[in-house]
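A.B. asks: Below you'll find the structure I mean.
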Amino acid sequence: MPTCAGNAATGQAEQAKVIDMTELDMEKKIIVAMSIPSLPAGTHVRTFKITPRAVNAHAYVNAALRLNLADDFTVGDNPKLLFGGLGAHFISATTTEKYLVGKKISDTSVIQEAARLLAEEAKPVVDPHQGSVEYRHSLVQTLFYKAVVGILKDQVDVRVRSAGSKIIRGLNSGQQNFDANADTWPMGQAIPKVESLIQVAGEAEFADDVPLLPGELHGQFVQTKQANATITGVDASMAIALPGVVDFVTAEDIPGTNNYFSFDVLGPTQPDPVFATERSLYHGQPVGLLVAKERELPRTGELPRTGELPRTGELPRTGELPRTGELPRT
């Protein structure tokens, strides 16, 4: 299955196999087309993505299953049972794939044995972001069963037939009614959100949608590692020495007041400092902003060192640059 990528540097199109895409250097390249060959007769494909919600969520487990079946539901060569979300070292259920070759998926005993093999070889790793191990382990067997029932359709008992059906949801709609107070009108009048139309139309422009401008800089907050601690000093010398780093901004560089609320618009407010100075109010409070020419700093670099003295008097270790090294745009 080749993928066509346009090279902005050369102006030429390049082709690569999907399986090689993870190793392909995509610098100044975009994917412009993907060629998907037609599948031979008898090929059945089922895909699943189990997520906490319908959109904008990583999958607990995703699966893609492909079976080449004869008219009597006998599995042909090279079946594929692929799963994601179980760990970096497990993708294909090869043991179960080999077992299924030459067997009929309409045979209940075959499916039971295949499910048992799946449970043995598909063992999710512990990952707090991906749901419990037990839940993801059960999803592997459940999705395999759902795929088989969906392929067999009316060949299975009517009591379990719905397990293979796809959930089809119609167009959602909603309505709200507001009771207006005639004594205070137009105060409290219901009006549409100003940005709602461009947001639902996909026309709203966000920070990452804006092209980089010449000379644009990137910044990353340097944060405290201790809450309720005395800040004994900030050493930015090693960070500033890194190639591409422009400056390190602290409270001393603010020409006005080191406070997000420079005047009381809504009456007296509690101080909310932009950068911590003498004491950290909470873990992760910014003490400064590292400014650089590129979004990604060298991985060998270090963030400015902050000396934080907690109540125990123990001086914690300094923070290092996160593995991604990516700086948000400013």
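Residue numbers start at 1 in each chain; chains themselves are named A, B, ... in the order of the structure tokens; ligands are numbered from 1 in the order shown.
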Please build the interface table for range 81-135 of chain A against range 53-73 of chain A with a cut-off of 8 Å, listing for each qualifying residue the nearest atom pair and the distance in Å to one decimal; count only C-alpha atoms, order rows by chain and increasing number, and write it as a tab-separated table.
C.D. replies:
residue	atom	partner	partner_atom	distance
A:Leu81	CA	A:Leu65	CA	4.6
A:Leu82	CA	A:Ala64	CA	5.2
A:Phe83	CA	A:Ala63	CA	4.4
A:Gly84	CA	A:Asn62	CA	5.0
A:Gly85	CA	A:Val61	CA	4.7
A:Leu86	CA	A:Val61	CA	6.9
A:Lys104	CA	A:Phe73	CA	5.3
A:Ile105	CA	A:Phe73	CA	5.9
A:Ser106	CA	A:Phe73	CA	6.4
A:Gln130	CA	A:Tyr60	CA	5.0
A:Gly131	CA	A:Tyr60	CA	6.2
A.B. asks: For Asn259 in chain A, list every protein, DNA or RNA residue within 12 Å, evaluated using only C-alpha atoms, and leave out those in the same chain fewer than 6 positions away; present the list as a CSV table (one decimal) with all heavy atoms, in the first residue's frame.
C.D. replies:
chain,number,residue,atom,x,y,z
A,251,ALA,N,10.8,37.9,36.7
A,251,ALA,CA,10.0,39.0,37.2
A,251,ALA,C,10.8,40.4,37.1
A,251,ALA,O,10.1,41.4,37.0
A,251,ALA,CB,9.6,38.8,38.6
A,269,THR,N,-8.4,42.5,44.4
A,269,THR,CA,-8.1,41.1,44.0
A,269,THR,C,-6.9,40.6,44.8
A,269,THR,O,-6.1,41.4,45.2
A,269,THR,CB,-7.9,40.9,42.5
A,269,THR,OG1,-6.8,41.8,42.1
A,269,THR,CG2,-9.2,41.3,41.8
A,270,GLN,N,-6.8,39.3,44.9
A,270,GLN,CA,-5.6,38.8,45.5
A,270,GLN,C,-4.4,38.8,44.5
A,270,GLN,O,-4.6,38.7,43.3
A,270,GLN,CB,-5.8,37.3,45.9
A,270,GLN,CG,-6.7,37.1,47.1
A,270,GLN,CD,-6.1,37.7,48.4
A,270,GLN,OE1,-4.9,37.6,48.6
A,270,GLN,NE2,-7.0,38.1,49.3
A,271,PRO,N,-3.2,39.1,44.9
A,271,PRO,CA,-2.1,39.1,44.0
A,271,PRO,C,-1.9,37.8,43.2
A,271,PRO,O,-2.0,36.8,43.8
A,271,PRO,CB,-0.9,39.4,44.9
A,271,PRO,CG,-1.4,40.0,46.1
A,271,PRO,CD,-2.8,39.4,46.3
A,272,ASP,N,-1.7,37.9,41.9
A,272,ASP,CA,-1.5,36.7,41.1
A,272,ASP,C,-0.2,36.9,40.3
A,272,ASP,O,-0.3,37.4,39.1
A,272,ASP,CB,-2.7,36.5,40.2
A,272,ASP,CG,-2.6,35.1,39.5
A,272,ASP,OD1,-1.7,34.4,39.8
A,272,ASP,OD2,-3.5,34.9,38.6
A,273,PRO,N,0.9,36.7,40.8
A,273,PRO,CA,2.2,37.0,40.2
A,273,PRO,C,2.4,36.2,38.9
A,273,PRO,O,2.0,35.1,38.8
A,273,PRO,CB,3.3,36.7,41.2
A,273,PRO,CG,2.6,35.7,42.1
A,273,PRO,CD,1.2,36.0,42.2
A,274,VAL,N,3.0,36.9,37.9
A,274,VAL,CA,3.3,36.3,36.6
A,274,VAL,C,4.4,35.2,36.9
A,274,VAL,O,4.4,34.1,36.4
A,274,VAL,CB,3.7,37.3,35.6
A,274,VAL,CG1,4.1,36.6,34.3
A,274,VAL,CG2,2.6,38.3,35.3
A,275,PHE,N,5.5,35.7,37.6
A,275,PHE,CA,6.6,34.8,38.0
A,275,PHE,C,6.8,34.8,39.5
A,275,PHE,O,6.7,35.9,40.1
A,275,PHE,CB,7.9,35.3,37.3
A,275,PHE,CG,7.8,35.3,35.8
A,275,PHE,CD1,8.0,36.4,35.1
A,275,PHE,CD2,7.6,34.1,35.1
A,275,PHE,CE1,8.0,36.4,33.7
A,275,PHE,CE2,7.5,34.1,33.7
A,275,PHE,CZ,7.7,35.2,33.0
A,276,ALA,N,7.1,33.6,40.0
A,276,ALA,CA,7.4,33.6,41.4
A,276,ALA,C,8.7,34.2,41.7
A,276,ALA,O,9.6,34.1,40.9
A,276,ALA,CB,7.4,32.1,41.9
A,277,THR,N,8.9,34.8,42.8
A,277,THR,CA,10.1,35.5,43.2
A,277,THR,C,10.8,34.9,44.4
A,277,THR,O,11.7,34.1,44.4
A,277,THR,CB,9.9,37.0,43.3
A,277,THR,OG1,8.8,37.2,44.2
A,277,THR,CG2,9.6,37.6,41.9
A.B. asks: Of the residues A:Asp183, A:Val125, A:Phe144, A:Ile198, which is the one nearest to Glu113 in chain A, using only C-alpha atoms?
C.D. replies: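 Selected residue with least distance to Glu113 in chain A: A:Phe144.
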A.B. asks: With only C-alpha atoms as the counted atoms, please give the residues lying no more than 7 Å from range 287-297 of chain A, apart from itself and same-chain residues fewer than 5 positions off, as a list in words.
C.D. replies: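 The residues satisfying every condition are Leu217, His218, Gly219, Gln220, Phe221, Val222, Gln223, Thr224, Gly244, Val245, Val246, Asp247, Phe248, Val249, Thr250, Phe275, Ala276, Thr277, Gly325, Glu326, Leu327 and Pro328 of chain A.
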A.B. asks: Those residues with C-alpha atoms, as an mmCIF file, in the first residue's frame please?
C.D. replies:
data_model
loop_
_atom_site.group_PDB
_atom_site.id
_atom_site.type_symbol
_atom_site.label_atom_id
_atom_site.label_comp_id
_atom_site.auth_asym_id
_atom_site.auth_seq_id
_atom_site.Cartn_x
_atom_site.Cartn_y
_atom_site.Cartn_z
ATOM 1 C CA LEU A 217 10.309 33.356 18.960
ATOM 2 C CA HIS A 218 9.140 30.461 21.134
ATOM 3 C CA GLY A 219 8.907 30.298 24.899
ATOM 4 C CA GLN A 220 8.756 27.684 27.631
ATOM 5 C CA PHE A 221 7.919 28.360 31.264
ATOM 6 C CA VAL A 222 10.448 27.211 33.839
ATOM 7 C CA GLN A 223 8.449 25.930 36.794
ATOM 8 C CA THR A 224 9.070 25.211 40.443
ATOM 9 C CA GLY A 244 19.286 29.315 19.599
ATOM 10 C CA VAL A 245 18.363 30.510 23.084
ATOM 11 C CA VAL A 246 17.734 34.268 23.084
ATOM 12 C CA ASP A 247 17.004 35.132 26.693
ATOM 13 C CA PHE A 248 15.582 34.067 30.015
ATOM 14 C CA VAL A 249 12.837 36.376 31.277
ATOM 15 C CA THR A 250 12.050 36.728 35.000
ATOM 16 C CA PHE A 275 6.578 34.807 37.954
ATOM 17 C CA ALA A 276 7.376 33.550 41.442
ATOM 18 C CA THR A 277 10.148 35.492 43.152
ATOM 19 C CA GLY A 325 12.066 19.564 24.244
ATOM 20 C CA GLU A 326 9.255 21.372 22.473
ATOM 21 C CA LEU A 327 8.610 25.013 23.198
ATOM 22 C CA PRO A 328 5.156 26.546 22.841
#
A.B. asks: DSSP on the backbone: which residues in range 122-233 of chain A end up as strand (DSSP E or B)? Give the answer as a list in words.
C.D. replies: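 Reading the DSSP output for range 122-233 of chain A, strand (DSSP E or B) covers His218, Gly219, Gln220, Phe221, Val222, Gln223, Ala229, Thr230, Ile231, Thr232 and Gly233 of chain A.
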A.B. asks: Report, in Å with one decimal, the straight-line distance from CA of Gly150 in chain A to CA of Lys80 in chain A.
C.D. replies: 16.3 Å
A.B. asks: What's around range 92-98 of chain A at 8 Å? Count only C-alpha atoms, leave out sequence neighbours fewer than 2 positions away in its own chain, and write the answer as a PyMOL selection string.
C.D. replies: chain A and resi 78-83+90+100-101+114+117-118+121-122
A.B. asks: Restrict the calculation to only C-alpha atoms, then for each residue of range 186-243 of chain A with any atom at most 10 Å from an atom of range 159-180 of chain A give the closest atom pair and their distance in Å to one decimal, rows by chain and rising residue number, as CSV.
C.D. replies:
residue,atom,partner,partner_atom,distance
A:Pro186,CA,A:Ala180,CA,8.5
A:Met187,CA,A:Ala180,CA,8.7
A:Gly188,CA,A:Ala180,CA,6.8
A:Gln189,CA,A:Ala180,CA,6.3
A:Ala190,CA,A:Phe178,CA,6.9
